[in-house]
$ cat run_0.cif   # mmCIF, C-alpha atoms and all ligand atoms
data_query
#
loop_
_atom_site.label_atom_id
_atom_site.label_comp_id
_atom_site.auth_asym_id
_atom_site.auth_seq_id
_atom_site.Cartn_x
_atom_site.Cartn_y
_atom_site.Cartn_z
CA MET A 1 26.32 -34.19 -16.22
CA ALA A 2 25.08 -33.70 -12.70
CA ARG A 3 27.24 -31.40 -10.64
CA LYS A 4 27.38 -32.52 -7.06
CA ALA A 5 26.33 -30.08 -4.39
CA LEU A 6 28.51 -29.31 -1.38
CA SER A 7 27.65 -31.22 1.78
CA LEU A 8 27.03 -29.14 4.89
CA ASP A 9 30.50 -30.02 6.12
CA GLU A 10 32.18 -29.00 2.87
CA PHE A 11 30.08 -25.85 2.82
CA GLN A 12 31.25 -24.80 6.28
CA LYS A 13 34.88 -25.44 5.38
CA ARG A 14 34.56 -23.41 2.22
CA PHE A 15 32.69 -20.50 3.80
CA PRO A 16 33.85 -20.33 7.40
CA ASP A 17 33.43 -16.55 7.82
CA GLU A 18 32.49 -13.21 6.25
CA ALA A 19 35.86 -12.79 4.57
CA ALA A 20 35.50 -16.10 2.74
CA CYS A 21 32.04 -15.13 1.49
CA ALA A 22 33.24 -11.68 0.39
CA ALA A 23 36.22 -13.19 -1.43
CA PHE A 24 33.92 -15.62 -3.22
CA LEU A 25 31.67 -12.75 -4.36
CA VAL A 26 34.58 -10.69 -5.66
CA LYS A 27 35.99 -13.67 -7.52
CA LYS A 28 32.62 -14.43 -9.08
CA ARG A 29 31.91 -10.90 -10.16
CA TRP A 30 35.40 -9.88 -11.25
CA PRO A 31 37.25 -13.08 -12.17
CA ASP A 32 40.21 -11.06 -13.48
CA GLY A 33 40.27 -8.53 -10.66
CA PHE A 34 38.14 -5.49 -9.85
CA VAL A 35 37.20 -3.17 -12.70
CA CYS A 36 35.63 0.19 -11.90
CA PRO A 37 32.15 0.28 -13.51
CA ALA A 38 32.41 4.05 -14.02
CA CYS A 39 35.85 4.55 -15.57
CA GLY A 40 37.09 1.01 -16.21
CA CYS A 41 40.26 1.45 -14.26
CA LEU A 42 41.81 -1.27 -12.15
CA ARG A 43 42.93 0.59 -9.03
CA PRO A 44 40.51 -0.05 -6.20
CA ALA A 45 40.89 0.57 -2.50
CA GLU A 46 38.85 -1.44 -0.05
CA LEU A 47 37.09 0.85 2.39
CA LYS A 48 37.35 0.03 6.04
CA SER A 49 34.45 2.32 6.91
CA ARG A 50 31.80 0.74 4.67
CA ALA A 51 31.32 -2.98 4.45
CA TYR A 52 32.15 -4.72 1.18
CA THR A 53 32.82 -1.51 -0.71
CA TYR A 54 35.65 -0.61 -3.04
CA GLU A 55 36.57 2.87 -4.05
CA CYS A 56 38.12 3.62 -7.41
CA LEU A 57 41.37 5.53 -6.90
CA ASP A 58 40.98 7.29 -10.24
CA CYS A 59 37.40 8.54 -10.30
CA GLY A 60 36.33 8.08 -6.69
CA ARG A 61 33.32 5.91 -7.52
CA GLN A 62 32.37 3.58 -4.68
CA THR A 63 31.20 0.13 -5.67
CA SER A 64 29.63 -2.40 -3.38
CA ILE A 65 30.53 -6.02 -4.05
CA THR A 66 26.92 -6.94 -3.32
CA ALA A 67 25.44 -4.52 -5.89
CA GLY A 68 23.24 -6.35 -8.39
CA THR A 69 22.95 -9.41 -6.15
CA VAL A 70 20.10 -10.24 -3.80
CA MET A 71 22.32 -9.25 -0.89
CA HIS A 72 22.53 -5.61 -1.89
CA ARG A 73 22.08 -3.14 1.00
CA THR A 74 21.66 -6.02 3.36
CA LYS A 75 22.14 -5.60 7.06
CA LEU A 76 22.59 -9.33 7.53
CA PRO A 77 25.98 -10.98 7.49
CA LEU A 78 26.88 -12.44 4.09
CA ILE A 79 27.32 -15.80 5.74
CA THR A 80 23.62 -15.84 6.69
CA TRP A 81 22.73 -15.32 3.03
CA PHE A 82 25.16 -17.99 1.91
CA ARG A 83 23.78 -20.48 4.42
CA ALA A 84 20.20 -19.71 3.43
CA ALA A 85 21.00 -20.12 -0.28
CA HIS A 86 22.82 -23.37 0.47
CA LEU A 87 19.87 -24.75 2.42
CA LEU A 88 17.29 -23.66 -0.14
CA SER A 89 19.21 -25.01 -3.12
CA ASN A 90 19.99 -28.35 -1.51
CA HIS A 91 16.65 -29.30 -0.06
CA SER A 92 14.86 -30.80 -2.99
CA ASN A 93 11.54 -29.57 -1.64
CA GLY A 94 12.66 -26.19 -0.43
CA MET A 95 12.01 -24.95 3.07
CA SER A 96 9.39 -22.91 4.79
CA ALA A 97 10.42 -19.70 6.52
CA LEU A 98 9.81 -21.45 9.83
CA GLN A 99 12.30 -24.20 9.02
CA LEU A 100 14.80 -21.64 7.80
CA LYS A 101 14.42 -19.63 11.01
CA GLY A 102 15.37 -22.70 13.01
CA GLN A 103 18.35 -23.51 10.82
CA LEU A 104 19.78 -19.99 10.72
CA GLY A 105 18.93 -18.71 14.16
CA VAL A 106 17.28 -15.52 12.89
CA THR A 107 13.81 -14.09 13.56
CA TYR A 108 10.81 -15.33 11.61
CA LYS A 109 10.47 -12.03 9.78
CA THR A 110 14.11 -12.11 8.70
CA ALA A 111 13.84 -15.73 7.57
CA TRP A 112 10.69 -14.94 5.62
CA LEU A 113 12.23 -11.98 3.82
CA LEU A 114 15.47 -13.87 3.11
CA GLU A 115 13.50 -16.66 1.57
CA GLN A 116 11.30 -14.35 -0.49
CA LYS A 117 14.33 -12.54 -1.85
CA LEU A 118 16.22 -15.71 -2.68
CA ARG A 119 13.14 -17.24 -4.24
CA ARG A 120 12.81 -14.27 -6.57
CA SER A 121 16.16 -15.21 -8.11
CA MET A 122 14.70 -18.53 -9.06
CA ILE A 123 13.98 -17.55 -12.60
CA ASP A 124 16.31 -17.91 -15.47
CA PRO A 125 16.33 -14.65 -17.47
CA ASP A 126 17.62 -16.07 -20.74
CA ARG A 127 15.85 -19.37 -20.70
CA THR A 128 14.88 -20.76 -24.07
CA LYS A 129 11.42 -21.99 -24.96
CA LEU A 130 10.47 -25.64 -24.67
CA SER A 131 10.63 -27.57 -27.93
CA GLY A 132 10.20 -30.98 -29.53
CA ILE A 133 7.30 -32.95 -28.11
CA VAL A 134 5.54 -31.02 -25.37
CA GLU A 135 2.63 -32.12 -23.21
CA VAL A 136 0.26 -29.30 -22.29
CA ASP A 137 -2.58 -29.51 -19.78
CA GLN A 138 -4.36 -27.57 -17.06
CA THR A 139 -5.20 -28.30 -13.47
CA GLU A 140 -6.78 -26.52 -10.54
CA ILE A 141 -5.21 -25.94 -7.18
CA PRO A 142 -6.81 -24.62 -4.03
CA PHE A 143 -5.16 -21.63 -2.44
CA ARG A 144 -5.01 -20.38 1.08
CA THR A 145 -6.87 -17.27 2.04
CA LYS A 146 -6.09 -14.99 4.95
CA LYS A 147 -7.09 -15.99 8.47
CA VAL A 148 -8.90 -19.11 7.32
CA PHE A 149 -7.49 -22.42 8.41
CA PHE A 150 -6.51 -24.25 5.25
CA ASP A 151 -9.26 -26.62 4.23
CA ASP A 152 -8.78 -28.26 0.86
CA ALA A 153 -12.47 -28.86 0.21
CA ARG A 154 -13.65 -25.33 0.93
CA ALA A 155 -10.71 -23.40 -0.47
CA ARG A 156 -11.01 -21.34 -3.63
CA LYS A 157 -9.26 -22.59 -6.71
CA ILE A 158 -7.07 -21.20 -9.43
CA THR A 159 -6.22 -22.67 -12.80
CA ILE A 160 -2.64 -23.63 -13.52
CA ILE A 161 -1.37 -24.51 -16.97
CA GLY A 162 1.70 -26.67 -17.43
CA ALA A 163 3.97 -27.68 -20.31
CA VAL A 164 6.46 -30.54 -20.12
CA GLU A 165 9.04 -31.59 -22.69
CA VAL A 166 8.89 -35.30 -23.42
CA ILE A 167 12.40 -36.70 -23.86
CA ASP A 168 13.83 -40.16 -24.44
CA ARG A 169 14.87 -41.89 -21.21
CA ASP A 170 18.23 -43.03 -22.61
CA THR A 171 19.33 -40.33 -25.01
CA ARG A 172 17.62 -37.42 -23.16
CA MET A 173 16.69 -36.08 -26.59
CA THR A 174 13.36 -35.59 -28.34
CA PRO A 175 12.04 -39.01 -29.41
CA LYS A 176 11.33 -39.70 -33.06
CA LEU A 177 7.98 -38.25 -34.10
CA LYS A 178 5.12 -40.72 -34.40
CA ARG A 179 1.76 -40.52 -36.07
CA LYS A 180 -0.81 -38.47 -34.18
CA GLY A 181 -2.42 -40.30 -31.27
CA ALA A 182 0.47 -42.74 -30.82
CA ILE A 183 1.96 -43.15 -27.35
CA TYR A 184 5.63 -42.33 -26.75
CA HIS A 185 7.17 -45.13 -24.70
CA ASP A 186 10.37 -45.09 -22.56
CA THR A 187 10.31 -41.35 -22.08
CA MET A 188 10.88 -39.02 -19.17
CA ALA A 189 10.11 -35.40 -18.33
CA GLY A 190 12.55 -32.79 -19.64
CA ARG A 191 12.16 -29.12 -18.80
CA ILE A 192 8.85 -27.71 -17.60
CA ARG A 193 6.94 -24.43 -17.40
CA LEU A 194 3.98 -23.56 -15.19
CA ALA A 195 1.77 -20.47 -15.02
CA VAL A 196 -1.50 -19.23 -13.60
CA ILE A 197 -4.12 -18.56 -16.26
CA PRO A 198 -7.37 -16.65 -15.75
CA ASP A 199 -9.55 -19.38 -17.25
CA ASN A 200 -9.56 -22.44 -19.49
CA SER A 201 -10.30 -20.48 -22.64
CA ALA A 202 -8.49 -21.18 -25.92
CA ALA A 203 -7.11 -17.62 -25.86
CA ALA A 204 -5.47 -18.08 -22.45
CA ILE A 205 -4.00 -21.46 -23.42
CA LYS A 206 -2.63 -20.13 -26.68
CA GLU A 207 -1.03 -17.16 -25.03
CA PHE A 208 0.79 -19.46 -22.61
CA VAL A 209 1.88 -21.80 -25.41
CA ARG A 210 3.23 -18.96 -27.56
CA ALA A 211 5.20 -17.55 -24.65
CA ASN A 212 6.69 -20.89 -23.59
CA VAL A 213 6.90 -23.32 -26.51
CA GLU A 214 8.91 -22.96 -29.70
CA PRO A 215 6.72 -22.79 -32.85
CA GLY A 216 6.92 -25.98 -34.89
CA SER A 217 6.86 -28.17 -31.77
CA THR A 218 4.34 -30.96 -31.31
CA LEU A 219 1.76 -30.20 -28.63
CA VAL A 220 0.30 -33.28 -26.97
CA THR A 221 -2.96 -32.40 -25.23
CA ASP A 222 -5.93 -34.39 -24.03
CA GLY A 223 -8.89 -34.90 -26.33
CA HIS A 224 -10.89 -32.10 -24.77
CA ARG A 225 -8.45 -29.63 -26.24
CA SER A 226 -9.09 -30.69 -29.83
CA TYR A 227 -10.99 -27.45 -30.37
CA LEU A 228 -7.67 -25.65 -30.16
CA ASN A 229 -6.38 -24.95 -33.60
CA PHE A 230 -2.76 -24.00 -33.53
CA ASP A 231 -1.52 -22.80 -36.88
CA ASP A 232 2.18 -22.73 -36.08
CA TYR A 233 2.35 -25.88 -33.93
CA ARG A 234 1.70 -29.52 -34.69
CA HIS A 235 -1.28 -30.36 -32.49
CA ASP A 236 -1.55 -33.97 -31.37
CA PRO A 237 -4.68 -34.40 -29.22
CA HIS A 238 -4.78 -37.77 -27.47
CA VAL A 239 -8.37 -38.89 -27.27
CA VAL A 240 -8.69 -41.94 -25.09
CA ALA A 241 -12.17 -42.95 -24.08
CA ARG A 242 -12.78 -44.49 -20.66
CA ILE A 243 -9.13 -44.59 -19.76
CA PRO A 244 -7.90 -42.41 -16.91
CA ALA A 245 -6.51 -39.13 -18.15
CA HIS A 246 -2.99 -39.69 -16.81
CA ILE A 247 -2.21 -42.34 -19.40
CA PRO A 248 -2.04 -40.18 -22.54
CA LEU A 249 -0.30 -37.29 -20.69
CA PRO A 250 1.85 -39.02 -18.08
CA TRP A 251 4.50 -36.34 -17.56
CA VAL A 252 2.41 -33.24 -17.19
CA HIS A 253 0.22 -35.13 -14.73
CA ARG A 254 3.27 -36.26 -12.77
CA VAL A 255 4.44 -32.66 -12.59
CA PHE A 256 1.04 -31.45 -11.38
CA ALA A 257 0.96 -34.15 -8.70
CA LEU A 258 4.45 -33.22 -7.48
CA MET A 259 3.60 -29.53 -7.49
CA LYS A 260 0.46 -30.06 -5.40
CA ARG A 261 2.21 -32.29 -2.91
CA TRP A 262 5.04 -29.78 -2.60
CA GLY A 263 2.65 -26.87 -2.07
CA LEU A 264 0.87 -28.71 0.70
CA GLY A 265 3.94 -30.30 2.26
CA THR A 266 6.38 -27.43 2.29
CA TYR A 267 4.04 -24.47 2.50
CA HIS A 268 0.84 -25.99 3.91
CA GLY A 269 -1.13 -24.54 1.04
CA LEU A 270 -0.12 -21.80 -1.35
CA ARG A 271 -1.21 -18.21 -0.97
CA ARG A 272 -2.71 -16.41 -3.94
CA GLN A 273 -0.47 -13.39 -3.56
CA HIS A 274 2.77 -15.33 -3.91
CA ILE A 275 1.61 -18.05 -6.26
CA ASP A 276 3.71 -16.94 -9.26
CA THR A 277 6.84 -16.95 -7.15
CA TYR A 278 6.01 -20.41 -5.81
CA LEU A 279 5.48 -21.73 -9.32
CA ASN A 280 8.77 -20.19 -10.42
CA GLU A 281 10.50 -21.90 -7.51
CA PHE A 282 8.98 -25.24 -8.40
CA VAL A 283 9.93 -24.91 -12.08
CA PHE A 284 13.43 -23.75 -11.16
CA ARG A 285 13.96 -26.73 -8.84
CA PHE A 286 12.50 -29.18 -11.30
CA ASN A 287 14.55 -27.94 -14.26
CA ARG A 288 17.72 -27.97 -12.18
CA ARG A 289 17.14 -31.19 -10.33
CA TYR A 290 20.49 -32.44 -11.60
CA HIS A 291 22.36 -29.14 -11.14
CA ARG A 292 22.30 -28.12 -7.50
CA LYS A 293 25.60 -26.26 -7.42
CA ALA A 294 24.54 -23.96 -10.23
CA SER A 295 21.34 -23.17 -8.40
CA PHE A 296 23.20 -22.01 -5.26
CA GLU A 297 24.93 -19.31 -7.30
CA THR A 298 21.79 -18.39 -9.20
CA LEU A 299 19.94 -17.98 -5.91
CA LEU A 300 22.43 -15.43 -4.67
CA GLY A 301 21.89 -13.48 -7.87
CA LEU A 302 25.38 -14.24 -9.16
CA ALA A 303 24.38 -15.87 -12.40
CA SER A 304 22.01 -13.17 -13.57
CA ASN A 305 22.36 -9.50 -12.90
CA GLY A 306 18.81 -9.29 -11.63
CA GLN A 307 17.44 -6.16 -10.05
CA PRO A 308 17.48 -6.47 -6.29
CA LYS A 309 14.02 -6.54 -4.75
CA THR A 310 12.99 -4.52 -1.75
CA TYR A 311 10.66 -5.41 1.09
CA TRP A 312 8.03 -3.17 -0.52
CA ASP A 313 8.23 -4.97 -3.90
CA ILE A 314 7.81 -8.33 -2.24
CA THR A 315 4.89 -7.48 0.00
CA ASP A 316 3.27 -5.39 -2.73
CA LYS A 317 2.67 -2.65 -0.17
CA GLU A 318 3.14 1.05 -0.68
CA ASN A 319 6.29 2.42 0.90
CA PRO A 320 4.95 5.29 3.02
CA ARG A 321 8.20 7.20 2.50
CA LYS A 322 8.42 6.63 -1.24
CA GLY A 323 9.47 9.68 -3.22
CA GLU A 324 10.14 11.66 -0.07
CA ARG A 325 13.49 13.33 -0.04
CA PRO A 326 15.45 12.50 3.06
CA ARG A 327 15.55 15.53 5.34
CA ARG A 328 19.10 16.39 6.22
CA ILE A 329 20.25 19.04 8.54
CA MET A 330 23.80 18.73 7.31
CA PRO A 331 24.86 17.74 3.77
CA ARG A 332 25.65 14.04 3.65
CA ARG A 333 29.30 13.20 3.89
CA ARG A 334 30.89 9.87 3.34
CA LYS A 335 34.21 8.37 4.20
CA THR A 336 36.49 7.78 1.26
CA ALA A 337 39.94 6.33 0.90
CA SER A 338 41.38 9.82 1.25
CA GLY A 339 39.28 11.14 4.09
CA MET A 340 35.78 12.60 4.39
CA ARG A 341 34.02 13.85 1.27
CA GLN A 342 30.78 15.69 0.87
CA ASP A 343 28.34 13.93 -1.44
CA SER A 344 28.22 15.26 -4.99
CA SER A 345 31.38 17.25 -4.47
CA PRO A 346 34.16 16.81 -7.07
CA LYS A 347 35.43 13.29 -6.78
CA ARG A 348 39.13 12.93 -6.74
CA ALA A 349 40.82 10.45 -4.54
CA LYS A 350 44.51 10.66 -3.88
CA GLY A 351 47.01 8.43 -2.12
CA ARG A 352 46.39 7.05 1.36
CA LEU A 353 44.78 3.86 0.18
CA THR A 354 43.83 1.44 2.86
CA LEU A 355 44.33 -1.79 0.99
CA ARG A 356 45.02 -2.70 -2.58
CA ILE A 357 43.35 -5.78 -3.93
CA GLN A 358 44.60 -7.86 -6.79
ZN ZN A 401 36.77 4.64 -11.62
#

$ encode --input "run_0.cif" --output "structure tokens"
Amino acid sequence: MARKALSLDEFQKRFPDEAACAAFLVKKRWPDGFVCPACGCLRPAELKSRAYTYECLDCGRQTSITAGTVMHRTKLPLITWFRAAHLLSNHSNGMSALQLKGQLGVTYKTAWLLEQKLRRSMIDPDRTKLSGIVEVDQTEIPFRTKKVFFDDARARKITIIGAVEVIDRDTRMTPKLKRKGAIYHDTMAGRIRLAVIPDNSAAAIKEFVRANVEPGSTLVTDGHRSYLNFDDYRHDPHVVARIPAHIPLPWVHRVFALMKRWGLGTYHGLRRQHIDTYLNEFVFRFNRRYHRKASFETLLGLASNGQPKTYWDITDKENPRKGERPRRIMPRRRKTASGMRQDSSPKRAKGRLTLRIQ
């Protein structure tokens, strides 16, 4: 059941300094001790000259303990990352970069980038499709445009489609199927999915459904969607005349309402450019609302081996130095466990290890 998150006090006791964070990372990534990714040997030396890096004593390969996590190539202390992930995973509504800046004592730009990077981990790579009884509906949300003070009435809108699993409140399982049009009582929302779609067309809706809902599931939609003919799903349009729309589709409407309030409250309006990431964050939080501890680790990129994102990926800007070869006057040399070594020279480390780790 629900795994309790660490309180701030517990968190600070568990991660008092850089060494504690580094030890946690090593333990998470190599539960049975370090294994060289190049040759598979088990003889690492911890380099004193490069932070969080081990060198294999057999093949000379240097491996960073942050490789494959969001913290890779970071210039920030690990503890800043850990604190940010702790704050973001424990605040049920998330935090704006401004709030994070205040909590961490970093600049706004740093807080913003930290948050963007952590938020990009908020997607589960091997998540399974929704199944059983699934409510599907669309809504519109206004988005914020550059330099214009956010004004709900005059803002432009985008269409969001949502799917919500309907589960039994007591058993947390799919309720017994009823005849079409019948209302499912004593239910609650299970997992959800949200996405931006270009328009309300049947093609766009179907594409979303195929990507997110298991074939054979029952799709509960409002009566206006009865023109949708799904061949591999059981379509259950709920046509209710002169009754407010939120009665036949209570859970998807609840999710939309929460999403809109969250967008306005935490971010003071969502920006078009980052909308997919915001939706992912919302879905991630919603689907893990009973599993906060797991989300802390996922945020740091420990659960999935996601590709680290750069500043240029996040801002969608062109890196002016992309593809340029670094100009070097001297060949690059790096410190190794056995002294200086020129890059791409034969790798063979001998003796003189600084520290063996278990
Ligand atoms: Zn090796």

$ residues_near_ligand --input "run_0.cif" --ligand "ligand ZN 401 (chain A)" --cutoff "7 Å" --atoms "all atoms listed in the file" --output "list in words"
Cys36, Pro37, Ala38, Cys39, Gly40, Cys41, Cys56, Leu57, Asp58, Cys59, Gly60 and Arg61 of chain A

$ write_last_selection --input "run_0.cif" --atoms "C-alpha atoms" --output "tab-separated table (two decimals), keeping the file's coordinate frame"
chain	number	residue	atom	x	y	z
A	36	CYS	CA	35.63	0.19	-11.90
A	37	PRO	CA	32.15	0.28	-13.51
A	38	ALA	CA	32.41	4.05	-14.02
A	39	CYS	CA	35.85	4.55	-15.57
A	40	GLY	CA	37.09	1.01	-16.21
A	41	CYS	CA	40.26	1.45	-14.26
A	56	CYS	CA	38.12	3.62	-7.41
A	57	LEU	CA	41.37	5.53	-6.90
A	58	ASP	CA	40.98	7.29	-10.24
A	59	CYS	CA	37.40	8.54	-10.30
A	60	GLY	CA	36.33	8.08	-6.69
A	61	ARG	CA	33.32	5.91	-7.52

$ closest_residue --input "run_0.cif" --among "A:Ile65, A:Phe11, A:Leu249, A:Leu270" --to "Lys27 of chain A" --atoms "all atoms listed in the file"
A:Ile65

$ atom_distance --input "run_0.cif" --atom1 "atom CA of Tyr52 of chain A" --atom2 "atom CA of Met340 of chain A"
18.0 Å

$ residues_around --input "run_0.cif" --residues "Arg127 of chain A" --least-positions-apart "2" --cutoff "12 Å" --atoms "only C-alpha atoms" --output "number ranges by chain"
A: 122-125, 129-130, 191-193, 211-214, 283-284, 287, 304

$ closest_residue --input "run_0.cif" --among "A:Asp199, A:Thr107, A:Thr336, A:Leu6" --to "Glu46 of chain A" --atoms "only C-alpha atoms"
A:Thr336

$ atom_distance --input "run_0.cif" --atom1 "atom CA of Asp232 of chain A" --atom2 "atom CA of Pro215 of chain A"
5.6 Å

$ closest_residue --input "run_0.cif" --among "A:Arg119, A:Lys176, A:Arg334, A:His253" --to "Leu299 of chain A" --atoms "only C-alpha atoms"
A:Arg119

$ atom_distance --input "run_0.cif" --atom1 "atom CA of Leu114 of chain A" --atom2 "atom CA of His86 of chain A"
12.3 Å

$ closest_residue --input "run_0.cif" --among "A:Arg341, A:His238, A:Lys178, A:Arg272" --to "Glu135 of chain A" --atoms "all atoms listed in the file"
A:His238

$ closest_residue --input "run_0.cif" --among "A:Lys117, A:Arg325, A:Lys101, A:His235" --to "His72 of chain A" --atoms "all atoms listed in the file"
A:Lys117

$ closest_residue --input "run_0.cif" --among "A:Ala111, A:Leu25, A:Glu55, A:Ala84" --to "Ala97 of chain A" --atoms "all atoms listed in the file"
A:Ala111

$ residues_near_point --input "run_0.cif" --point "(-7.7, -16.9, -13.6)" --cutoff "8 Å" --atoms "only C-alpha atoms" --output "list in words"
Ile158, Thr159, Val196, Ile197, Pro198 and Asp199 of chain A

$ residues_near_point --input "run_0.cif" --point "(10.2, -11.8, 8.0)" --cutoff "12 Å" --atoms "all atoms listed in the file" --output "ChimeraX atom specification"
/A:96-98,100-101,106-117,311,314-315

$ residues_around --input "run_0.cif" --residues "Leu194 of chain A" --least-positions-apart "2" --cutoff "9 Å" --atoms "only C-alpha atoms" --output "list in words"
Ile160, Ile161, Gly162, Ala163, Val164, Ile192, Val196, Asp276, Leu279, Asn280, Phe282 and Val283 of chain A
